[in-house]
file upload-v8.tsv (TSV, C-alpha atoms)
chain	number	residue	atom	x	y	z
A	19	MET	CA	-152.41	-24.98	-64.97
A	20	SER	CA	-151.13	-24.95	-61.41
A	21	GLY	CA	-154.32	-26.18	-59.73
A	22	LEU	CA	-153.79	-23.60	-56.99
A	23	THR	CA	-156.60	-23.23	-54.47
A	24	PRO	CA	-156.86	-21.05	-51.37
A	25	GLN	CA	-156.48	-24.20	-49.26
A	26	LEU	CA	-153.28	-25.24	-51.06
A	27	VAL	CA	-151.86	-21.71	-50.79
A	28	ARG	CA	-152.58	-21.67	-47.05
A	29	GLU	CA	-150.89	-25.03	-46.64
A	30	ARG	CA	-147.76	-23.93	-48.53
A	31	VAL	CA	-147.23	-20.74	-46.50
A	32	ARG	CA	-148.28	-21.96	-43.06
A	33	GLY	CA	-146.03	-20.66	-40.28
A	34	THR	CA	-144.49	-17.85	-42.36
A	35	ILE	CA	-145.15	-14.13	-42.82
A	36	LEU	CA	-146.84	-15.02	-46.12
A	37	GLU	CA	-149.72	-16.47	-44.13
A	38	ARG	CA	-150.75	-12.87	-43.40
A	39	ILE	CA	-151.43	-12.04	-47.06
A	40	GLY	CA	-155.12	-11.33	-47.69
A	41	GLU	CA	-158.06	-10.99	-45.28
A	42	THR	CA	-157.45	-7.23	-45.35
A	43	PRO	CA	-159.82	-4.83	-43.57
A	44	LEU	CA	-162.94	-3.38	-45.18
A	45	VAL	CA	-163.80	-0.03	-43.60
A	46	PRO	CA	-166.62	2.46	-44.21
A	47	LEU	CA	-165.73	5.96	-45.49
A	48	HIS	CA	-168.06	7.96	-43.25
A	49	ARG	CA	-166.93	11.49	-44.04
A	50	ILE	CA	-165.97	11.21	-47.70
A	51	GLY	CA	-169.12	9.17	-48.27
A	52	ALA	CA	-171.46	11.56	-46.42
A	53	GLY	CA	-174.44	12.77	-48.43
A	54	LEU	CA	-173.94	10.37	-51.33
A	55	ARG	CA	-176.63	8.02	-52.64
A	56	GLY	CA	-174.33	5.00	-52.35
A	57	GLU	CA	-172.53	3.75	-49.25
A	58	LEU	CA	-168.71	3.70	-49.58
A	59	TRP	CA	-166.48	0.96	-48.16
A	60	ALA	CA	-162.71	0.76	-48.68
A	61	LYS	CA	-160.65	-2.43	-48.92
A	62	ILE	CA	-157.32	-1.51	-47.28
A	63	GLU	CA	-154.64	-3.45	-49.13
A	64	SER	CA	-151.74	-1.71	-47.39
A	65	ALA	CA	-152.53	-4.11	-44.54
A	66	ASN	CA	-150.82	-6.90	-46.47
A	67	PRO	CA	-147.33	-7.67	-45.07
A	68	GLY	CA	-145.57	-6.34	-48.19
A	69	GLY	CA	-147.69	-3.18	-47.99
A	70	SER	CA	-149.84	-3.53	-51.11
A	71	VAL	CA	-152.45	-5.49	-53.03
A	72	LYS	CA	-149.61	-6.95	-55.11
A	73	ASP	CA	-148.76	-9.39	-52.32
A	74	ARG	CA	-151.71	-11.45	-53.51
A	75	PRO	CA	-150.64	-12.03	-57.14
A	76	GLY	CA	-146.96	-12.06	-56.09
A	77	LEU	CA	-147.60	-15.05	-53.83
A	78	TRP	CA	-149.90	-16.88	-56.21
A	79	MET	CA	-147.61	-16.44	-59.24
A	80	VAL	CA	-144.57	-17.83	-57.40
A	81	LEU	CA	-146.52	-20.74	-55.91
A	82	ALA	CA	-148.06	-21.49	-59.32
A	83	ALA	CA	-144.58	-21.71	-60.86
A	84	GLU	CA	-143.52	-24.03	-58.03
A	85	GLU	CA	-146.58	-26.26	-58.41
A	86	GLU	CA	-146.10	-26.47	-62.17
A	87	GLY	CA	-142.52	-27.64	-61.59
A	88	ARG	CA	-141.03	-24.67	-63.48
A	89	LEU	CA	-139.38	-23.09	-60.47
A	90	ARG	CA	-136.46	-25.21	-59.40
A	91	ARG	CA	-133.87	-23.83	-56.98
A	92	SER	CA	-131.30	-23.35	-59.77
A	93	ARG	CA	-133.56	-20.93	-61.62
A	94	THR	CA	-134.14	-17.21	-61.07
A	95	VAL	CA	-137.54	-15.53	-60.90
A	96	LEU	CA	-137.78	-12.55	-63.30
A	97	ASP	CA	-140.39	-9.81	-63.80
A	98	ALA	CA	-140.85	-6.19	-64.82
A	99	THR	CA	-142.31	-3.78	-62.26
A	100	SER	CA	-142.17	-0.15	-61.25
A	101	GLY	CA	-142.89	-0.87	-57.64
A	102	ASN	CA	-145.36	-2.85	-55.61
A	103	THR	CA	-145.17	-6.14	-57.50
A	104	GLY	CA	-141.40	-5.97	-57.13
A	105	VAL	CA	-141.68	-5.57	-53.37
A	106	ALA	CA	-144.23	-8.40	-53.18
A	107	LEU	CA	-142.16	-10.78	-55.31
A	108	ALA	CA	-139.01	-9.90	-53.35
A	109	MET	CA	-140.73	-10.71	-50.04
A	110	VAL	CA	-142.24	-13.95	-51.37
A	111	CYS	CA	-138.96	-15.09	-52.98
A	112	ALA	CA	-137.05	-14.33	-49.76
A	113	VAL	CA	-139.38	-16.64	-47.82
A	114	ARG	CA	-139.51	-19.35	-50.52
A	115	GLY	CA	-135.74	-19.30	-51.10
A	116	HIS	CA	-135.70	-18.16	-54.74
A	117	ALA	CA	-133.32	-15.75	-56.46
A	118	LEU	CA	-135.14	-12.78	-58.04
A	119	GLU	CA	-134.24	-10.18	-60.68
A	120	LEU	CA	-136.55	-7.24	-61.44
A	121	CYS	CA	-136.51	-4.88	-64.41
A	122	MET	CA	-137.53	-1.41	-63.26
A	123	PRO	CA	-137.35	2.06	-64.82
A	124	ASP	CA	-134.26	3.95	-63.64
A	125	LYS	CA	-135.01	6.83	-61.25
A	126	ALA	CA	-137.79	4.82	-59.58
A	127	SER	CA	-138.32	6.07	-56.05
A	128	ILE	CA	-135.52	5.37	-53.65
A	129	GLU	CA	-137.86	3.68	-51.14
A	130	ARG	CA	-138.85	1.02	-53.62
A	131	LYS	CA	-135.28	0.28	-54.68
A	132	ARG	CA	-134.13	0.02	-51.07
A	133	ILE	CA	-137.03	-2.18	-49.96
A	134	ILE	CA	-136.52	-4.56	-52.88
A	135	ARG	CA	-132.76	-4.76	-52.27
A	136	ALA	CA	-133.42	-5.29	-48.53
A	137	PHE	CA	-135.27	-8.49	-49.45
A	138	GLY	CA	-132.19	-9.63	-51.40
A	139	ALA	CA	-133.47	-9.13	-54.96
A	140	LYS	CA	-131.38	-7.75	-57.84
A	141	LEU	CA	-132.54	-4.74	-59.88
A	142	VAL	CA	-132.01	-4.27	-63.62
A	143	LEU	CA	-132.60	-0.56	-64.29
A	144	THR	CA	-134.12	0.41	-67.64
A	145	ASP	CA	-134.58	3.69	-69.56
A	146	PRO	CA	-136.84	5.94	-67.45
A	147	LEU	CA	-138.21	7.57	-70.62
A	148	GLU	CA	-139.67	4.21	-71.65
A	149	GLY	CA	-141.49	3.76	-68.30
A	150	THR	CA	-142.83	0.36	-67.30
A	151	ASP	CA	-143.26	-0.65	-70.94
A	152	GLY	CA	-139.47	-0.32	-71.35
A	153	ALA	CA	-138.99	-2.54	-68.29
A	154	ILE	CA	-141.39	-5.11	-69.79
A	155	ARG	CA	-139.44	-5.17	-73.06
A	156	GLU	CA	-136.15	-5.69	-71.19
A	157	ALA	CA	-137.61	-8.56	-69.11
A	158	GLN	CA	-138.92	-10.16	-72.33
A	159	ARG	CA	-135.47	-9.82	-73.90
A	160	MET	CA	-133.70	-11.35	-70.87
A	161	ALA	CA	-136.18	-14.23	-70.61
A	162	ALA	CA	-135.80	-15.04	-74.32
A	163	ALA	CA	-132.00	-14.85	-74.20
A	164	GLU	CA	-131.63	-17.21	-71.20
A	165	ARG	CA	-134.62	-19.52	-71.15
A	166	GLU	CA	-133.07	-22.03	-68.75
A	167	ARG	CA	-131.96	-19.43	-66.26
A	168	TYR	CA	-135.12	-17.39	-65.82
A	169	VAL	CA	-138.70	-18.12	-64.83
A	170	TYR	CA	-140.42	-15.01	-66.21
A	171	VAL	CA	-143.56	-14.75	-64.08
A	172	ASP	CA	-144.92	-11.90	-66.27
A	173	GLN	CA	-147.64	-10.37	-64.11
A	174	TYR	CA	-149.30	-8.93	-67.24
A	175	SER	CA	-149.93	-12.36	-68.75
A	176	ASN	CA	-149.95	-14.75	-65.79
A	177	PRO	CA	-153.37	-16.32	-65.08
A	178	ALA	CA	-152.35	-16.78	-61.42
A	179	ASN	CA	-152.57	-12.97	-61.09
A	180	PRO	CA	-156.36	-12.66	-61.63
A	181	LEU	CA	-156.84	-16.05	-59.96
A	182	ALA	CA	-155.47	-14.64	-56.68
A	183	HIS	CA	-158.29	-12.08	-56.80
A	184	GLN	CA	-160.95	-14.46	-58.08
A	185	LEU	CA	-160.36	-16.89	-55.21
A	186	GLY	CA	-159.12	-14.35	-52.63
A	187	THR	CA	-160.09	-10.68	-52.87
A	188	GLY	CA	-163.52	-11.27	-54.43
A	189	PRO	CA	-164.82	-13.87	-51.93
A	190	GLU	CA	-163.40	-11.81	-49.03
A	191	ILE	CA	-165.42	-8.78	-50.13
A	192	TRP	CA	-168.52	-10.92	-50.55
A	193	GLU	CA	-168.27	-12.24	-47.00
A	194	GLN	CA	-167.14	-8.94	-45.41
A	195	THR	CA	-170.17	-7.14	-46.82
A	196	ALA	CA	-172.48	-9.93	-45.64
A	197	ARG	CA	-173.14	-10.58	-49.36
A	198	ARG	CA	-174.52	-7.07	-49.83
A	199	VAL	CA	-171.84	-5.56	-52.07
A	200	THR	CA	-173.44	-4.00	-55.16
A	201	HIS	CA	-170.47	-2.30	-56.89
A	202	PHE	CA	-166.71	-2.90	-57.02
A	203	VAL	CA	-164.42	-0.04	-58.10
A	204	ALA	CA	-160.70	-0.43	-58.84
A	205	GLY	CA	-158.00	0.86	-61.15
A	206	VAL	CA	-156.54	-1.01	-64.11
A	207	GLY	CA	-152.81	-1.71	-64.19
A	208	THR	CA	-152.06	-5.34	-65.01
A	209	SER	CA	-155.88	-5.63	-64.75
A	210	GLY	CA	-155.54	-8.67	-62.46
A	211	THR	CA	-157.71	-7.13	-59.73
A	212	ILE	CA	-160.60	-6.15	-62.00
A	213	VAL	CA	-160.55	-9.36	-64.05
A	214	GLY	CA	-160.28	-11.62	-60.99
A	215	VAL	CA	-162.80	-9.86	-58.77
A	216	SER	CA	-165.16	-9.64	-61.73
A	217	ALA	CA	-164.98	-13.42	-62.20
A	218	ALA	CA	-165.90	-13.88	-58.53
A	219	LEU	CA	-168.53	-11.20	-58.01
A	220	ARG	CA	-170.16	-10.41	-61.33
A	221	PRO	CA	-172.04	-13.72	-61.42
A	222	LYS	CA	-173.52	-12.63	-58.07
A	223	GLY	CA	-174.86	-9.45	-59.65
A	224	VAL	CA	-172.11	-7.04	-58.54
A	225	ARG	CA	-171.46	-4.15	-60.95
A	226	ILE	CA	-167.74	-3.86	-61.83
A	227	VAL	CA	-166.26	-0.38	-62.44
A	228	ALA	CA	-162.76	-0.17	-63.98
A	229	VAL	CA	-160.82	3.10	-63.88
A	230	GLN	CA	-157.87	4.26	-65.98
A	231	PRO	CA	-155.75	7.44	-65.97
A	232	ASP	CA	-157.19	10.16	-68.21
A	233	ASP	CA	-153.83	10.93	-69.87
A	234	PRO	CA	-150.83	8.88	-71.05
A	235	LEU	CA	-148.64	11.11	-68.85
A	236	HIS	CA	-150.04	10.60	-65.37
A	237	GLY	CA	-148.98	10.14	-61.76
A	238	ILE	CA	-151.22	7.27	-60.74
A	239	GLU	CA	-148.67	4.63	-59.78
A	240	GLY	CA	-149.49	1.15	-60.99
A	241	TRP	CA	-152.29	2.20	-63.36
A	242	LYS	CA	-152.11	2.00	-67.13
A	243	HIS	CA	-153.49	4.27	-69.82
A	244	MET	CA	-154.58	1.33	-71.95
A	245	PRO	CA	-154.97	3.10	-75.31
A	246	THR	CA	-151.26	4.01	-75.32
A	247	ALA	CA	-149.68	1.19	-73.25
A	248	ILE	CA	-148.63	-2.38	-73.97
A	249	ARG	CA	-151.88	-4.28	-73.54
A	250	PRO	CA	-151.73	-6.93	-70.75
A	251	ALA	CA	-152.65	-10.37	-72.10
A	252	ILE	CA	-154.95	-10.96	-69.11
A	253	TRP	CA	-156.95	-7.76	-69.79
A	254	ASP	CA	-160.48	-8.15	-71.02
A	255	GLU	CA	-162.59	-4.97	-71.24
A	256	ARG	CA	-165.70	-7.10	-70.94
A	257	ALA	CA	-164.78	-7.89	-67.30
A	258	ALA	CA	-166.10	-4.43	-66.38
A	259	ASP	CA	-169.65	-3.14	-66.67
A	260	GLU	CA	-168.41	0.42	-66.71
A	261	HIS	CA	-165.14	2.16	-67.65
A	262	ARG	CA	-164.17	5.52	-66.16
A	263	VAL	CA	-161.11	7.78	-66.32
A	264	MET	CA	-159.47	9.81	-63.55
A	265	ALA	CA	-157.17	12.85	-63.57
A	266	THR	CA	-154.00	12.75	-61.47
A	267	ASP	CA	-154.72	16.10	-59.81
A	268	GLU	CA	-158.12	14.87	-58.62
A	269	ALA	CA	-156.52	11.63	-57.40
A	270	ILE	CA	-153.89	13.51	-55.37
A	271	ALA	CA	-156.57	15.76	-53.84
A	272	MET	CA	-158.60	12.71	-52.79
A	273	ALA	CA	-155.52	10.93	-51.38
A	274	LYS	CA	-155.01	14.00	-49.15
A	275	ARG	CA	-158.67	13.95	-48.08
A	276	LEU	CA	-158.41	10.24	-47.23
A	277	ALA	CA	-155.55	10.97	-44.83
A	278	ARG	CA	-157.13	14.03	-43.22
A	279	GLU	CA	-160.77	12.96	-43.08
A	280	GLU	CA	-160.63	9.18	-42.79
A	281	GLY	CA	-157.15	8.53	-41.30
A	282	ILE	CA	-156.19	6.45	-44.34
A	283	PHE	CA	-152.73	7.33	-45.67
A	284	SER	CA	-153.05	6.09	-49.23
A	285	GLY	CA	-150.98	6.14	-52.37
A	286	VAL	CA	-152.23	8.27	-55.26
A	287	SER	CA	-153.89	5.26	-56.88
A	288	GLY	CA	-156.04	4.87	-53.76
A	289	GLY	CA	-157.09	8.50	-54.12
A	290	ALA	CA	-157.91	7.87	-57.78
A	291	ALA	CA	-160.02	4.81	-56.98
A	292	VAL	CA	-161.91	6.53	-54.16
A	293	ALA	CA	-162.56	9.66	-56.25
A	294	SER	CA	-164.04	7.38	-58.91
A	295	ALA	CA	-166.12	5.53	-56.31
A	296	VAL	CA	-167.45	8.87	-55.04
A	297	ALA	CA	-168.56	9.67	-58.61
A	298	VAL	CA	-170.34	6.31	-58.78
A	299	ALA	CA	-171.94	6.83	-55.35
A	300	ARG	CA	-173.29	10.24	-56.42
A	301	GLU	CA	-175.20	8.58	-59.22
A	302	GLU	CA	-176.16	5.20	-57.78
A	303	SER	CA	-177.27	3.70	-54.49
A	304	GLY	CA	-175.95	0.48	-53.01
A	305	ARG	CA	-172.91	-0.78	-51.10
A	306	ILE	CA	-169.90	0.32	-53.12
A	307	VAL	CA	-166.53	-1.29	-52.36
A	308	VAL	CA	-163.39	0.48	-53.56
A	309	LEU	CA	-159.91	-1.01	-53.46
A	310	ILE	CA	-157.07	1.10	-52.01
A	311	ALA	CA	-153.99	-0.61	-53.37
A	312	ASP	CA	-151.24	0.69	-51.09
A	313	GLY	CA	-150.15	3.24	-48.50
A	314	GLY	CA	-148.62	6.69	-48.91
A	315	GLU	CA	-145.36	5.84	-47.13
A	316	ARG	CA	-143.90	4.35	-50.30
A	317	TYR	CA	-144.07	7.71	-52.07
A	318	LEU	CA	-142.72	10.05	-49.40
A	319	SER	CA	-139.59	10.92	-51.36
A	320	THR	CA	-141.54	11.79	-54.51
A	321	PRO	CA	-142.80	15.34	-55.15
A	322	LEU	CA	-146.39	14.16	-54.67
A	323	TRP	CA	-146.42	14.77	-50.91
A	324	GLU	CA	-144.33	17.95	-50.80
B	4	MET	CA	-126.35	27.11	-78.11
B	5	PRO	CA	-129.47	24.93	-78.04
B	6	VAL	CA	-130.31	22.34	-75.40
B	7	THR	CA	-131.52	18.80	-76.04
B	8	VAL	CA	-134.85	17.81	-74.49
B	9	ARG	CA	-135.78	14.13	-74.21
B	10	LEU	CA	-139.41	13.23	-73.58
B	11	PRO	CA	-141.34	10.13	-72.51
B	12	GLY	CA	-143.47	8.30	-75.06
B	13	ALA	CA	-146.50	9.57	-73.13
B	14	LEU	CA	-145.92	13.07	-74.58
B	15	ARG	CA	-145.63	11.95	-78.21
B	16	ASP	CA	-149.22	12.95	-78.89
B	17	VAL	CA	-148.45	16.63	-78.31
B	18	THR	CA	-145.07	16.72	-80.11
B	19	GLY	CA	-146.18	15.01	-83.30
B	20	GLY	CA	-144.38	11.78	-82.38
B	21	GLU	CA	-141.02	13.33	-81.48
B	22	THR	CA	-139.31	12.31	-78.23
B	23	LYS	CA	-136.04	14.18	-78.75
B	24	LEU	CA	-136.17	17.91	-79.46
B	25	THR	CA	-133.79	20.82	-79.50
B	26	ALA	CA	-134.88	24.04	-77.86
B	27	SER	CA	-133.43	27.23	-76.48
B	28	GLY	CA	-133.87	29.22	-73.29
B	29	ALA	CA	-131.90	30.30	-70.25
B	30	THR	CA	-134.34	28.76	-67.78
B	31	LEU	CA	-136.47	25.62	-67.82
B	32	ARG	CA	-139.60	27.77	-68.18
B	33	GLU	CA	-138.13	29.43	-71.30
B	34	VAL	CA	-137.13	26.07	-72.78
B	35	ILE	CA	-140.65	24.74	-72.23
B	36	ALA	CA	-142.16	27.91	-73.72
B	37	ASP	CA	-139.93	27.51	-76.78
B	38	ILE	CA	-141.22	23.96	-77.33
B	39	ASP	CA	-144.79	25.12	-76.69
B	40	ARG	CA	-144.51	27.64	-79.54
B	41	ARG	CA	-143.86	24.79	-81.96
B	42	HIS	CA	-146.08	22.25	-80.19
B	43	PRO	CA	-149.00	24.12	-78.63
B	44	GLY	CA	-150.28	22.43	-75.47
B	45	PHE	CA	-146.88	21.08	-74.44
B	46	ALA	CA	-146.40	23.54	-71.56
B	47	ALA	CA	-149.82	22.76	-70.08
B	48	ARG	CA	-148.93	19.06	-69.93
B	49	VAL	CA	-145.68	19.68	-68.05
B	50	LEU	CA	-146.45	22.76	-65.93
B	51	ASP	CA	-149.35	23.33	-63.57
B	52	PRO	CA	-151.58	26.43	-63.80
B	53	SER	CA	-149.27	28.35	-61.45
B	54	GLY	CA	-146.27	27.64	-63.69
B	55	GLY	CA	-144.60	25.04	-61.47
B	56	ILE	CA	-143.56	21.55	-62.61
B	57	ARG	CA	-146.57	19.25	-62.26
B	58	SER	CA	-146.26	17.14	-59.11
B	59	TYR	CA	-146.31	13.90	-61.06
B	60	ILE	CA	-143.53	14.89	-63.45
B	61	ASN	CA	-139.80	15.01	-62.81
B	62	VAL	CA	-137.44	17.09	-64.93
B	63	TYR	CA	-133.70	16.49	-64.91
B	64	ILE	CA	-131.17	19.02	-66.18
B	65	GLY	CA	-128.16	16.82	-66.77
B	66	GLU	CA	-128.15	14.61	-63.67
B	67	GLU	CA	-129.77	17.26	-61.46
B	68	ASP	CA	-133.44	17.17	-60.47
B	69	ALA	CA	-134.81	20.59	-61.53
B	70	ARG	CA	-136.80	20.81	-58.28
B	71	THR	CA	-133.54	21.08	-56.35
B	72	ARG	CA	-132.48	23.95	-58.66
B	73	GLY	CA	-135.53	26.18	-58.42
B	74	GLY	CA	-138.17	24.17	-60.30
B	75	SER	CA	-139.37	25.71	-63.56
B	76	GLY	CA	-137.12	28.70	-62.88
B	77	ALA	CA	-133.99	26.50	-62.85
B	78	ALA	CA	-131.13	27.71	-65.03
B	79	VAL	CA	-130.46	25.58	-68.12
B	80	PRO	CA	-126.82	25.94	-69.19
B	81	ASP	CA	-126.01	25.96	-72.91
B	82	GLY	CA	-125.74	22.49	-74.36
B	83	SER	CA	-127.60	20.81	-71.46
B	84	ASP	CA	-129.46	17.54	-71.72
B	85	VAL	CA	-132.96	17.99	-70.28
B	86	MET	CA	-135.08	14.91	-69.52
B	87	VAL	CA	-138.80	14.89	-68.67
B	88	ILE	CA	-140.12	11.71	-67.01
B	89	PRO	CA	-143.32	10.68	-65.22
B	90	ALA	CA	-142.78	10.78	-61.46
B	91	MET	CA	-144.43	7.40	-61.15
B	92	ALA	CA	-141.40	6.04	-62.97
B	93	GLY	CA	-139.20	7.91	-60.60
B	94	GLY	CA	-139.26	9.76	-57.35
B	95	ARG	CA	-135.99	10.91	-55.91
call {"tool": "encode", "arguments": {"input": "upload-v8.tsv", "output": "structure tokens"}}
result
Amino acid sequence: MSGLTPQLVRERVRGTILERIGETPLVPLHRIGAGLRGELWAKIESANPGGSVKDRPGLWMVLAAEEEGRLRRSRTVLDATSGNTGVALAMVCAVRGHALELCMPDKASIERKRIIRAFGAKLVLTDPLEGTDGAIREAQRMAAAERERYVYVDQYSNPANPLAHQLGTGPEIWEQTARRVTHFVAGVGTSGTIVGVSAALRPKGVRIVAVQPDDPLHGIEGWKHMPTAIRPAIWDERAADEHRVMATDEAIAMAKRLAREEGIFSGVSGGAAVASAVAVAREESGRIVVLIADGGERYLSTPLWE
Amino acid sequence: MPVTVRLPGALRDVTGGETKLTASGATLREVIADIDRRHPGFAARVLDPSGGIRSYINVYIGEEDARTRGGSGAAVPDGSDVMVIPAMAGGR
């Protein structure tokens, strides 16, 4: 294990842009939350410098590899991603001086490709029909073929991914709510957010709600339909007290409401998480925190905002 | 002459496991309707209730994004390769 702690992470990134990762705002959803039994608060992860929640695991996974002595300058960081983790890793590797290669489904949105290339990373495009699972298989193949060359950080299996949330996101929410948070709602992709925040907050009595897309063919970026996807090694269903599903159309409608009613321009996954949190808040009272993973800017060229 | 339609793994459940089909039709809507006759429920997964391509799905006819060619009304030339992919794996 890397022995990473928040203090060590702060020390390693002091004086760089990476110092701004985390400590994201928690804001109340006054209009969308009006008339509900529970009180809704949104954790705005687009405030991270790389624009998404993935900055947290991106930073911790690279620093963990450095601390473990696996990431020497001659080696190349490798992972599979359809978007935000790629941007996060590209930003972190640019600052830390590492080469990076990312496997990504071909025809991924042009913004993501350009942002990642702007940070100096190399893209390996995979069959778009295979989605992110195809990108994962290609990264596994590359890592196995050239073991000395690549450090495969593997966000789906890397314990530093949930650890970033266990020691970062979770405690932040606890303090920002003055220790009054009662529920935490987030989507499941790698599952790092749910598993990590659960480890931090469930022992304090917080109810953890995990949400998945309702269909294998969905438009909720970054989320996984677990029954039909490659199962992340870090995923543990028992981390959540409750499992819900969300339809893409409902998620898109809520993302539009977030922009118009709350001034929060969110990605579709943020809409999906908030729509799920609204469902929870209709049924239960308490202080419900929902994680909005990224902003809508990253999807402007997709049909979702036309 | 039929067209070839390639589908993501996420639609296997409605096509009985197939991800490469042949179909016929002069427009994308007709091609989708042809597949739907053999695999009921297929059209509802790809098209929204108004008959347009669902916002989270991209359809390519050859290298062209069908949305730039009239959406579900886009012409599908004989022998075309049609590809259906989740938009989350690809914007434009």
call {"tool": "closest_atom_pairs", "arguments": {"input": "upload-v8.tsv", "of": "segment 43-86 of chain B", "to": "segment 250-268 of chain A", "cutoff": "12 Å", "atoms": "all atoms listed in the file", "output": "tab-separated table"}}
result
residue	atom	partner	partner_atom	distance
B:Arg48	CA	A:Thr266	CA	11.7
B:Asp51	CA	A:Asp267	CA	9.8
B:Pro52	CA	A:Asp267	CA	11.5
B:Arg57	CA	A:Asp267	CA	9.1
B:Ser58	CA	A:Asp267	CA	8.6
B:Tyr59	CA	A:Thr266	CA	7.8
B:Ile60	CA	A:Thr266	CA	10.9
call {"tool": "atom_distance", "arguments": {"input": "upload-v8.tsv", "atom1": "atom CA of Asp172 of chain A", "atom2": "atom CA of Arg114 of chain A"}}
result
18.2 Å
call {"tool": "atom_distance", "arguments": {"input": "upload-v8.tsv", "atom1": "atom CA of Pro180 of chain A", "atom2": "atom CA of Ala90 of chain B"}}
result
27.1 Å
call {"tool": "closest_atom_pairs", "arguments": {"input": "upload-v8.tsv", "of": "chain A", "to": "chain B", "cutoff": "9 Å", "atoms": "all atoms listed in the file", "output": "JSON lines"}}
result
{"residue": "A:Ser100", "atom": "CA", "partner": "B:Ala92", "partner_atom": "CA", "distance": 6.5}
{"residue": "A:Gly101", "atom": "CA", "partner": "B:Ala92", "partner_atom": "CA", "distance": 8.9}
{"residue": "A:Met122", "atom": "CA", "partner": "B:Ala92", "partner_atom": "CA", "distance": 8.4}
{"residue": "A:Pro123", "atom": "CA", "partner": "B:Ala92", "partner_atom": "CA", "distance": 6.0}
{"residue": "A:Asp124", "atom": "CA", "partner": "B:Gly93", "partner_atom": "CA", "distance": 7.0}
{"residue": "A:Lys125", "atom": "CA", "partner": "B:Gly93", "partner_atom": "CA", "distance": 4.4}
{"residue": "A:Ala126", "atom": "CA", "partner": "B:Gly93", "partner_atom": "CA", "distance": 3.5}
{"residue": "A:Ser127", "atom": "CA", "partner": "B:Gly94", "partner_atom": "CA", "distance": 4.0}
{"residue": "A:Ile128", "atom": "CA", "partner": "B:Arg95", "partner_atom": "CA", "distance": 6.0}
{"residue": "A:Glu129", "atom": "CA", "partner": "B:Gly94", "partner_atom": "CA", "distance": 8.8}
{"residue": "A:Pro146", "atom": "CA", "partner": "B:Ala92", "partner_atom": "CA", "distance": 6.4}
{"residue": "A:Leu147", "atom": "CA", "partner": "B:Pro11", "partner_atom": "CA", "distance": 4.5}
{"residue": "A:Glu148", "atom": "CA", "partner": "B:Pro11", "partner_atom": "CA", "distance": 6.2}
{"residue": "A:Gly149", "atom": "CA", "partner": "B:Ala92", "partner_atom": "CA", "distance": 5.8}
{"residue": "A:Thr150", "atom": "CA", "partner": "B:Ala92", "partner_atom": "CA", "distance": 7.3}
{"residue": "A:Asp233", "atom": "CA", "partner": "B:Ala13", "partner_atom": "CA", "distance": 8.1}
{"residue": "A:Pro234", "atom": "CA", "partner": "B:Ala13", "partner_atom": "CA", "distance": 4.9}
{"residue": "A:Leu235", "atom": "CA", "partner": "B:Ala13", "partner_atom": "CA", "distance": 5.0}
{"residue": "A:His236", "atom": "CA", "partner": "B:Tyr59", "partner_atom": "CA", "distance": 6.6}
{"residue": "A:Gly237", "atom": "CA", "partner": "B:Tyr59", "partner_atom": "CA", "distance": 4.7}
{"residue": "A:Ile238", "atom": "CA", "partner": "B:Met91", "partner_atom": "CA", "distance": 6.8}
{"residue": "A:Glu239", "atom": "CA", "partner": "B:Met91", "partner_atom": "CA", "distance": 5.2}
{"residue": "A:Gly240", "atom": "CA", "partner": "B:Met91", "partner_atom": "CA", "distance": 8.0}
{"residue": "A:Thr246", "atom": "CA", "partner": "B:Ala13", "partner_atom": "CA", "distance": 7.6}
{"residue": "A:Ala247", "atom": "CA", "partner": "B:Ala13", "partner_atom": "CA", "distance": 9.0}
{"residue": "A:Thr266", "atom": "CA", "partner": "B:Tyr59", "partner_atom": "CA", "distance": 7.8}
{"residue": "A:Asp267", "atom": "CA", "partner": "B:Ser58", "partner_atom": "CA", "distance": 8.6}
{"residue": "A:Tyr317", "atom": "CA", "partner": "B:Gly94", "partner_atom": "CA", "distance": 7.4}
{"residue": "A:Leu318", "atom": "CA", "partner": "B:Gly94", "partner_atom": "CA", "distance": 8.7}
{"residue": "A:Ser319", "atom": "CA", "partner": "B:Arg95", "partner_atom": "CA", "distance": 5.8}
{"residue": "A:Thr320", "atom": "CA", "partner": "B:Gly94", "partner_atom": "CA", "distance": 4.2}
{"residue": "A:Pro321", "atom": "CA", "partner": "B:Ser58", "partner_atom": "CA", "distance": 5.6}
{"residue": "A:Leu322", "atom": "CA", "partner": "B:Ser58", "partner_atom": "CA", "distance": 5.3}
{"residue": "A:Trp323", "atom": "CA", "partner": "B:Ser58", "partner_atom": "CA", "distance": 8.5}
{"residue": "A:Glu324", "atom": "CA", "partner": "B:Ser58", "partner_atom": "CA", "distance": 8.6}
call {"tool": "atom_distance", "arguments": {"input": "upload-v8.tsv", "atom1": "atom CA of Ala273 of chain A", "atom2": "atom CA of Arg49 of chain A"}}
result
13.6 Å
call {"tool": "axis_aligned_box", "arguments": {"input": "upload-v8.tsv", "around": "segment 9-27 of chain B", "padding_each_side": "8 Å", "output": "lines of an AutoDock Vina configuration file"}}
result
center_x = -141.3
center_y = 17.8
center_z = -77.9
size_x = 31.8
size_y = 34.9
size_z = 26.8
call {"tool": "residues_near_point", "arguments": {"input": "upload-v8.tsv", "point": "(-147.2, 5.6, -46.7)", "cutoff": "9 Å", "atoms": "only C-alpha atoms", "output": "VMD selection string"}}
result
chain A and resid 64 69 283 to 285 312 to 318
call {"tool": "residues_around", "arguments": {"input": "upload-v8.tsv", "residues": "Ala65 of chain A", "least_positions_apart": "2", "cutoff": "10 Å", "atoms": "only C-alpha atoms", "output": "PyMOL selection string"}}
result
chain A and resi 38-43+61-63+67-71+311-313
